$ cat final.cif   # mmCIF, C-alpha atoms and all ligand atoms
data_entry
#
loop_
_atom_site.label_atom_id
_atom_site.label_comp_id
_atom_site.auth_asym_id
_atom_site.auth_seq_id
_atom_site.Cartn_x
_atom_site.Cartn_y
_atom_site.Cartn_z
CA MET A 1 6.61 13.07 -3.95
CA ASN A 2 7.08 13.43 -0.22
CA ARG A 3 8.16 10.33 1.64
CA ASP A 4 5.78 9.17 4.34
CA VAL A 5 5.15 6.31 6.76
CA ILE A 6 1.84 4.43 6.40
CA ILE A 7 0.67 2.46 9.45
CA ALA A 8 -1.06 -0.84 8.53
CA CYS A 9 -4.10 -0.82 10.84
CA ASP A 10 -4.57 -4.59 10.79
CA PHE A 11 -7.23 -4.62 13.51
CA SER A 12 -10.47 -6.57 13.31
CA SER A 13 -12.83 -3.98 14.73
CA ARG A 14 -13.69 -0.31 14.67
CA GLN A 15 -13.19 -0.13 18.41
CA ALA A 16 -9.66 -1.52 18.35
CA THR A 17 -8.70 0.71 15.43
CA LEU A 18 -10.05 3.91 16.92
CA SER A 19 -8.51 3.27 20.36
CA PHE A 20 -5.20 2.70 18.62
CA LEU A 21 -5.52 5.97 16.66
CA ASP A 22 -6.59 7.84 19.83
CA ARG A 23 -3.08 7.28 21.18
CA PHE A 24 -1.71 9.74 18.62
CA GLY A 25 -3.71 12.58 20.22
CA GLU A 26 -3.54 15.96 18.56
CA GLY A 27 -0.04 15.44 17.11
CA ARG A 28 0.78 14.41 13.55
CA LYS A 29 -2.06 12.24 12.18
CA PRO A 30 -0.50 9.16 10.63
CA PHE A 31 -1.29 8.03 7.08
CA VAL A 32 -3.17 4.74 7.71
CA LYS A 33 -3.73 1.61 5.67
CA ILE A 34 -7.15 -0.04 5.91
CA GLY A 35 -7.14 -3.60 4.63
CA MET A 36 -9.73 -6.22 3.76
CA GLU A 37 -10.36 -7.45 7.29
CA LEU A 38 -11.36 -4.08 8.71
CA PHE A 39 -13.19 -2.94 5.57
CA TYR A 40 -15.22 -6.12 5.16
CA GLY A 41 -15.98 -6.24 8.88
CA GLU A 42 -16.96 -2.63 9.41
CA GLY A 43 -17.92 -1.40 5.94
CA PRO A 44 -17.34 1.99 4.31
CA SER A 45 -18.29 3.88 7.49
CA ILE A 46 -14.92 3.06 9.06
CA VAL A 47 -13.21 4.80 6.13
CA ARG A 48 -15.39 7.90 6.54
CA GLU A 49 -14.80 7.95 10.27
CA ILE A 50 -11.02 7.73 10.05
CA LYS A 51 -10.98 10.29 7.23
CA ALA A 52 -13.09 12.66 9.34
CA ARG A 53 -10.44 12.41 12.07
CA GLY A 54 -7.95 13.90 9.65
CA HIS A 55 -5.95 10.88 8.50
CA ARG A 56 -4.88 10.14 4.95
CA ILE A 57 -6.02 6.65 3.93
CA PHE A 58 -4.56 3.87 1.79
CA LEU A 59 -7.49 1.51 1.12
CA ASP A 60 -5.75 -1.79 0.40
CA LEU A 61 -8.43 -3.91 -1.29
CA LYS A 62 -6.36 -5.16 -4.26
CA LEU A 63 -9.14 -5.25 -6.85
CA HIS A 64 -8.91 -7.88 -9.62
CA ASP A 65 -11.95 -8.51 -11.87
CA ILE A 66 -13.20 -7.72 -15.36
CA PRO A 67 -12.60 -4.10 -16.41
CA ASN A 68 -16.26 -3.05 -16.21
CA THR A 69 -16.67 -4.35 -12.66
CA VAL A 70 -13.44 -2.73 -11.50
CA ARG A 71 -14.38 0.60 -13.13
CA LYS A 72 -17.68 0.69 -11.25
CA ALA A 73 -16.19 -0.45 -7.95
CA MET A 74 -13.49 2.22 -8.20
CA LYS A 75 -16.12 4.87 -8.72
CA VAL A 76 -17.60 3.92 -5.36
CA LEU A 77 -14.18 3.95 -3.63
CA SER A 78 -13.37 7.33 -5.16
CA ALA A 79 -16.52 8.78 -3.59
CA LEU A 80 -15.17 7.63 -0.19
CA ASP A 81 -12.42 10.20 -0.65
CA VAL A 82 -9.52 7.87 0.09
CA ASP A 83 -6.00 8.97 -0.86
CA LEU A 84 -4.51 5.76 -2.25
CA VAL A 85 -6.07 2.53 -3.61
CA ASN A 86 -4.77 -0.52 -5.44
CA VAL A 87 -5.46 -3.29 -7.95
CA HIS A 88 -3.62 -6.43 -9.04
CA ALA A 89 -1.51 -5.73 -12.12
CA ALA A 90 -2.39 -9.31 -13.18
CA GLY A 91 -5.84 -7.96 -14.13
CA THR A 92 -4.23 -6.58 -17.35
CA VAL A 93 -3.58 -3.11 -18.73
CA ALA A 94 -7.23 -2.87 -19.83
CA MET A 95 -8.40 -3.49 -16.27
CA MET A 96 -5.95 -0.97 -14.82
CA LYS A 97 -7.09 1.67 -17.34
CA ALA A 98 -10.71 0.96 -16.38
CA ALA A 99 -9.80 1.34 -12.70
CA LEU A 100 -8.29 4.74 -13.42
CA GLU A 101 -11.39 5.85 -15.34
CA GLY A 102 -13.65 4.77 -12.50
CA LEU A 103 -11.53 6.59 -9.94
CA THR A 104 -11.39 9.89 -11.81
CA ARG A 105 -14.03 12.28 -10.52
CA GLU A 106 -15.96 14.74 -12.66
CA ASP A 107 -13.62 17.56 -11.62
CA GLY A 108 -10.60 15.53 -12.80
CA THR A 109 -9.27 14.76 -9.29
CA ARG A 110 -8.73 11.20 -8.10
CA PRO A 111 -6.99 9.13 -5.41
CA LEU A 112 -3.55 7.76 -6.29
CA LEU A 113 -3.71 4.30 -7.86
CA ILE A 114 -1.00 1.67 -7.52
CA ALA A 115 -0.72 -1.98 -8.57
CA VAL A 116 0.41 -5.11 -6.80
CA THR A 117 2.95 -6.81 -9.10
CA GLN A 118 3.46 -10.15 -7.38
CA LEU A 119 2.50 -10.73 -3.76
CA THR A 120 5.55 -11.13 -1.55
CA SER A 121 3.98 -14.38 -0.33
CA THR A 122 4.38 -15.88 -3.81
CA GLY A 123 7.71 -17.66 -4.17
CA ASP A 124 9.68 -18.58 -7.29
CA GLU A 125 8.42 -22.17 -7.14
CA ALA A 126 4.70 -21.23 -7.07
CA LEU A 127 5.26 -18.64 -9.79
CA ARG A 128 6.71 -21.27 -12.11
CA ASN A 129 4.83 -24.44 -11.19
CA GLU A 130 1.37 -23.19 -10.13
CA LEU A 131 0.95 -19.94 -12.03
CA LEU A 132 2.99 -21.26 -14.99
CA ILE A 133 4.91 -17.99 -15.26
CA GLY A 134 8.30 -19.09 -16.57
CA ALA A 135 9.84 -15.62 -16.88
CA GLY A 136 11.12 -15.53 -13.30
CA MET A 137 10.24 -13.20 -10.44
CA GLU A 138 12.29 -10.12 -11.28
CA GLU A 139 11.33 -10.04 -14.96
CA THR A 140 7.66 -10.57 -14.06
CA ILE A 141 7.68 -7.78 -11.49
CA LEU A 142 9.34 -5.36 -13.91
CA ARG A 143 6.94 -6.23 -16.74
CA TYR A 144 3.91 -5.82 -14.47
CA ALA A 145 5.29 -2.50 -13.21
CA ARG A 146 5.76 -1.31 -16.82
CA ASN A 147 2.20 -2.44 -17.61
CA ALA A 148 0.95 -0.38 -14.66
CA ARG A 149 2.85 2.65 -15.90
CA GLU A 150 1.51 2.14 -19.44
CA ALA A 151 -2.02 2.08 -18.04
CA GLY A 152 -1.34 5.44 -16.38
CA LEU A 153 -1.08 4.25 -12.78
CA ASP A 154 0.98 6.13 -10.22
CA GLY A 155 3.15 3.27 -9.00
CA VAL A 156 3.35 -0.19 -7.47
CA VAL A 157 3.47 -2.02 -4.17
CA CYS A 158 6.77 -3.88 -3.97
CA SER A 159 9.52 -4.98 -1.65
CA PRO A 160 11.91 -2.15 -0.72
CA LEU A 161 14.62 -4.37 -2.20
CA GLU A 162 12.89 -3.98 -5.61
CA ALA A 163 12.28 -0.23 -5.35
CA GLY A 164 15.52 0.63 -7.18
CA ILE A 165 14.93 -1.58 -10.22
CA VAL A 166 11.30 -0.44 -10.47
CA LYS A 167 12.41 3.21 -10.47
CA GLU A 168 15.07 2.42 -13.07
CA ALA A 169 12.48 0.76 -15.34
CA CYS A 170 9.56 3.14 -14.80
CA GLY A 171 11.09 6.48 -13.85
CA LYS A 172 11.88 8.19 -10.57
CA ASP A 173 8.39 9.65 -10.19
CA PHE A 174 6.74 6.22 -10.37
CA LEU A 175 5.77 5.51 -6.76
CA THR A 176 7.09 2.57 -4.77
CA VAL A 177 5.01 1.67 -1.72
CA THR A 178 6.89 -0.87 0.33
CA PRO A 179 5.89 -3.18 3.19
CA GLY A 180 8.35 -5.60 4.81
CA ILE A 181 9.80 -3.01 7.20
CA ARG A 182 11.47 -3.89 10.50
CA PHE A 183 13.70 -1.99 12.91
CA ALA A 184 17.22 -3.38 13.07
CA ASP A 185 16.53 -4.64 16.61
CA SER A 186 12.99 -6.03 16.19
CA ALA A 187 11.47 -9.44 15.30
CA SER A 188 10.87 -10.24 11.63
CA ASP A 189 7.56 -12.11 12.37
CA ASP A 190 6.38 -13.83 9.15
CA GLN A 191 8.09 -11.33 6.83
CA VAL A 192 11.11 -12.64 4.96
CA ARG A 193 12.53 -9.94 2.70
CA ILE A 194 12.80 -7.13 5.21
CA THR A 195 14.69 -3.85 5.56
CA THR A 196 14.83 -1.04 8.07
CA PRO A 197 13.11 2.31 7.49
CA ALA A 198 16.54 3.92 7.01
CA ARG A 199 17.57 1.37 4.36
CA ALA A 200 14.19 1.67 2.60
CA ARG A 201 14.91 5.39 2.29
CA GLU A 202 18.31 4.70 0.75
CA LEU A 203 16.75 2.20 -1.66
CA GLY A 204 14.30 4.80 -2.94
CA SER A 205 10.92 3.86 -1.39
CA ASP A 206 8.36 6.65 -1.44
CA TYR A 207 6.08 5.21 1.24
CA ILE A 208 6.84 2.50 3.76
CA VAL A 209 3.95 0.42 5.10
CA VAL A 210 4.61 -0.57 8.70
CA GLY A 211 2.30 -2.83 10.72
CA ARG A 212 3.40 -4.78 13.77
CA PRO A 213 6.60 -2.85 14.53
CA VAL A 214 4.23 0.04 15.37
CA THR A 215 0.88 -1.59 16.25
CA ALA A 216 2.41 -4.20 18.57
CA ALA A 217 5.04 -1.92 20.11
CA PRO A 218 4.81 -1.14 23.83
CA ASP A 219 4.71 2.54 22.83
CA PRO A 220 3.23 2.76 19.30
CA VAL A 221 3.55 6.54 19.10
CA ALA A 222 7.29 6.34 19.89
CA ALA A 223 7.71 3.52 17.33
CA TYR A 224 5.90 5.61 14.70
CA ARG A 225 8.16 8.59 15.48
CA ARG A 226 11.19 6.36 15.14
CA CYS A 227 9.97 5.33 11.65
CA LEU A 228 9.55 9.00 10.71
CA GLU A 229 13.01 9.88 12.01
CA GLU A 230 14.67 7.08 10.07
CA PHE A 231 12.65 7.36 6.86
CA VAL A 232 11.28 10.84 6.21
O1 LIG B 1 2.96 -6.15 10.36
P1 LIG B 1 3.68 -5.90 9.06
O2 LIG B 1 4.61 -4.71 9.12
O3 LIG B 1 4.34 -7.13 8.52
O4 LIG B 1 2.50 -5.50 8.06
C1 LIG B 1 2.72 -5.27 6.69
C2 LIG B 1 1.43 -4.90 6.02
O5 LIG B 1 1.66 -4.79 4.63
C3 LIG B 1 0.32 -5.93 6.19
O6 LIG B 1 -0.92 -5.21 6.21
C4 LIG B 1 0.42 -6.77 4.94
O7 LIG B 1 -0.82 -7.33 4.57
C5 LIG B 1 0.85 -5.72 3.92
N1 LIG B 1 1.53 -6.25 2.74
C6 LIG B 1 2.70 -6.99 2.79
N2 LIG B 1 3.28 -7.46 1.64
C7 LIG B 1 2.74 -7.18 0.45
C8 LIG B 1 1.57 -6.43 0.38
C9 LIG B 1 0.98 -5.97 1.55
O8 LIG B 1 3.22 -7.23 3.88
N3 LIG B 1 3.33 -7.58 -0.64
#

$ encode --input "final.cif" --output "structure tokens"
Amino acid sequence: MNRDVIIACDFSSRQATLSFLDRFGEGRKPFVKIGMELFYGEGPSIVREIKARGHRIFLDLKLHDIPNTVRKAMKVLSALDVDLVNVHAAGTVAMMKAALEGLTREDGTRPLLIAVTQLTSTGDEALRNELLIGAGMEETILRYARNAREAGLDGVVCSPLEAGIVKEACGKDFLTVTPGIRFADSASDDQVRITTPARARELGSDYIVVGRPVTAAPDPVAAYRRCLEEFV
């Protein structure tokens, strides 16, 4: 698997997203992440439009429902020709298998499918006292990652700090897609467990997901290039 940098296009409108992407001109087209806000606001046409401009797309909708519903929803997303999609591992192995079936096209091709283990916004206290998961964060993440691998998924979203243990448990080809990236000299914003692109590379991430350090930079194209230089 080739390492790459995915830019989180956390914009609220088509206009803002496309003007941002225009800045990259005819150079390397970044791999972009489209999340719930943009997708729910603009609908599937924004995916088609960005795809038609030559970008690879991670559609970050984190599906979590009964297996039949997820299978059918994934069939629709697969027809959008995205490159990477995700589900919550908490939906069970049966749901993840159904997601994979729905994604697989008649010719056998499909987008990559990864699972969210535990959101990085969930702390140890909420895990234990609200979700009643007594196993602890690391054990839960590893078990959910193994469940995703058992279901046939390609990898997980996790913190770069967890990439090593996930690879150890699930194999070096099991993808780790990692947000929580900051340059050594930039603000951490609301992210807590952060690392630099260079450190994420050392820790074994396959893809880093970078939002504000690129989208809010005075020169986003230069910030993107800096990510590539440090990570790829
Ligand atoms: O701006 P920033 O670099 O913090 O953006 C990170 C992106 O990765 C956001 O789109 C955020 O929703 C997403 N993400 C995350 N942590 C996760 C899963 C997704 O930060 N565990």

$ closest_residue --input "final.cif" --among "A:Asp81, A:Glu42, A:Asp185, A:Glu37" --to "His55 in chain A" --atoms "all atoms listed in the file"
A:Asp81

$ residues_near_ligand --input "final.cif" --ligand "ligand LIG 1 (chain B)" --cutoff "6 Å" --atoms "only C-alpha atoms and all ligand atoms" --output "list in words"
Ala8, Asp10, Leu119, Thr120, Pro179, Gly180, Ile181, Gln191, Val209, Val210, Gly211 and Arg212 of chain A

$ residues_around --input "final.cif" --residues "Ala145 in chain A" --least-positions-apart "3" --cutoff "9 Å" --atoms "all atoms listed in the file" --output "VMD selection string"
chain A and resid 89 115 to 117 140 to 142 148 to 150 155 to 156 166 169 to 170

$ atom_distance --input "final.cif" --atom1 "CA of Thr176 in chain A" --atom2 "CA of Tyr224 in chain A"
19.7 Å

$ residues_around --input "final.cif" --residues "Phe39 in chain A" --least-positions-apart "3" --cutoff "10 Å" --atoms "only C-alpha atoms" --output "list in words"
Ser12, Ser13, Arg14, Ile34, Gly35, Met36, Glu42, Gly43, Pro44, Ser45, Ile46, Val47, Leu59, Asp60 and Leu61 of chain A

$ closest_residue --input "final.cif" --among "A:Ala98, A:Ala79, A:Val85, A:Ile114" --to "Asp65 in chain A" --atoms "only C-alpha atoms"
A:Ala98

$ closest_residue --input "final.cif" --among "A:Lys62, A:Arg105, A:Lys75, A:Arg226" --to "Gln118 in chain A" --atoms "all atoms listed in the file"
A:Lys62

$ atom_distance --input "final.cif" --atom1 "CA of Ser159 in chain A" --atom2 "CA of Ile194 in chain A"
7.9 Å

$ atom_distance --input "final.cif" --atom1 "CA of Asp4 in chain A" --atom2 "CA of Lys51 in chain A"
17.0 Å

$ closest_residue --input "final.cif" --among "A:Thr69, A:Asn2, A:Thr92, A:Thr109" --to "Tyr144 in chain A" --atoms "only C-alpha atoms"
A:Thr92

$ residues_around --input "final.cif" --residues "Ala198 in chain A" --least-positions-apart "6" --cutoff "10 Å" --atoms "all atoms listed in the file" --output "PDB file with C-alpha atoms, in the frame of the given file"
ATOM      1  CA  ILE A 181       9.800  -3.010   7.200  1.00  0.00           C
ATOM      2  CA  ARG A 182      11.470  -3.890  10.500  1.00  0.00           C
ATOM      3  CA  PHE A 183      13.700  -1.990  12.910  1.00  0.00           C
ATOM      4  CA  ALA A 184      17.220  -3.380  13.070  1.00  0.00           C
ATOM      5  CA  CYS A 227       9.970   5.330  11.650  1.00  0.00           C
ATOM      6  CA  LEU A 228       9.550   9.000  10.710  1.00  0.00           C
ATOM      7  CA  GLU A 229      13.010   9.880  12.010  1.00  0.00           C
ATOM      8  CA  GLU A 230      14.670   7.080  10.070  1.00  0.00           C
ATOM      9  CA  PHE A 231      12.650   7.360   6.860  1.00  0.00           C
ATOM     10  CA  VAL A 232      11.280  10.840   6.210  1.00  0.00           C
TER      11      VAL A 232
END

$ axis_aligned_box --input "final.cif" --around "range 148-158 of chain A" --padding-each-side "8 Å" --output "lines of an AutoDock Vina configuration file"
center_x = 2.4
center_y = 1.1
center_z = -11.7
size_x = 24.8
size_y = 26.0
size_z = 31.5

$ residues_around --input "final.cif" --residues "Ala151 in chain A" --least-positions-apart "4" --cutoff "9 Å" --atoms "only C-alpha atoms" --output "list in words"
Thr92, Val93, Ala94, Met95, Met96, Lys97, Ala98, Leu100, Arg146 and Asn147 of chain A

$ build_atoms --input "final.cif" --residues "range 201-214 of chain A" --atoms "N, CA, C and O atoms" --output "compact mmCIF listing (two decimals), keeping the file's coordinate frame"
# COMPACT_ATOMS: atom_id res chain seq x y z
N ARG A 201 14.69 4.02 2.80
CA ARG A 201 14.91 5.39 2.29
C ARG A 201 16.06 5.40 1.29
O ARG A 201 15.95 5.95 0.20
N GLU A 202 17.15 4.74 1.66
CA GLU A 202 18.31 4.70 0.75
C GLU A 202 17.96 4.00 -0.56
O GLU A 202 18.46 4.35 -1.62
N LEU A 203 17.09 2.99 -0.47
CA LEU A 203 16.75 2.20 -1.66
C LEU A 203 15.73 2.90 -2.56
O LEU A 203 15.42 2.43 -3.64
N GLY A 204 15.16 4.00 -2.08
CA GLY A 204 14.30 4.80 -2.94
C GLY A 204 12.80 4.62 -2.76
O GLY A 204 12.02 5.06 -3.60
N SER A 205 12.37 3.98 -1.65
CA SER A 205 10.92 3.86 -1.39
C SER A 205 10.30 5.25 -1.20
O SER A 205 10.92 6.12 -0.60
N ASP A 206 9.08 5.40 -1.68
CA ASP A 206 8.36 6.65 -1.44
C ASP A 206 7.51 6.58 -0.17
O ASP A 206 7.39 7.54 0.57
N TYR A 207 6.90 5.42 0.04
CA TYR A 207 6.08 5.21 1.24
C TYR A 207 6.47 3.85 1.83
O TYR A 207 6.54 2.86 1.10
N ILE A 208 6.70 3.81 3.13
CA ILE A 208 6.84 2.50 3.76
C ILE A 208 5.54 2.17 4.47
O ILE A 208 4.88 3.06 5.04
N VAL A 209 5.15 0.89 4.40
CA VAL A 209 3.95 0.42 5.10
C VAL A 209 4.42 -0.40 6.29
O VAL A 209 5.09 -1.41 6.13
N VAL A 210 4.11 0.08 7.49
CA VAL A 210 4.61 -0.57 8.70
C VAL A 210 3.43 -1.01 9.55
O VAL A 210 2.56 -0.20 9.89
N GLY A 211 3.37 -2.30 9.88
CA GLY A 211 2.30 -2.83 10.72
C GLY A 211 2.78 -3.09 12.12
O GLY A 211 2.93 -2.18 12.95
N ARG A 212 3.09 -4.35 12.41
CA ARG A 212 3.40 -4.78 13.77
C ARG A 212 4.53 -4.03 14.48
O ARG A 212 4.41 -3.83 15.70
N PRO A 213 5.58 -3.59 13.78
CA PRO A 213 6.60 -2.85 14.53
C PRO A 213 6.03 -1.60 15.22
O PRO A 213 6.60 -1.11 16.20
N VAL A 214 4.88 -1.09 14.71
CA VAL A 214 4.23 0.04 15.37
C VAL A 214 3.03 -0.45 16.19
O VAL A 214 2.92 -0.16 17.39
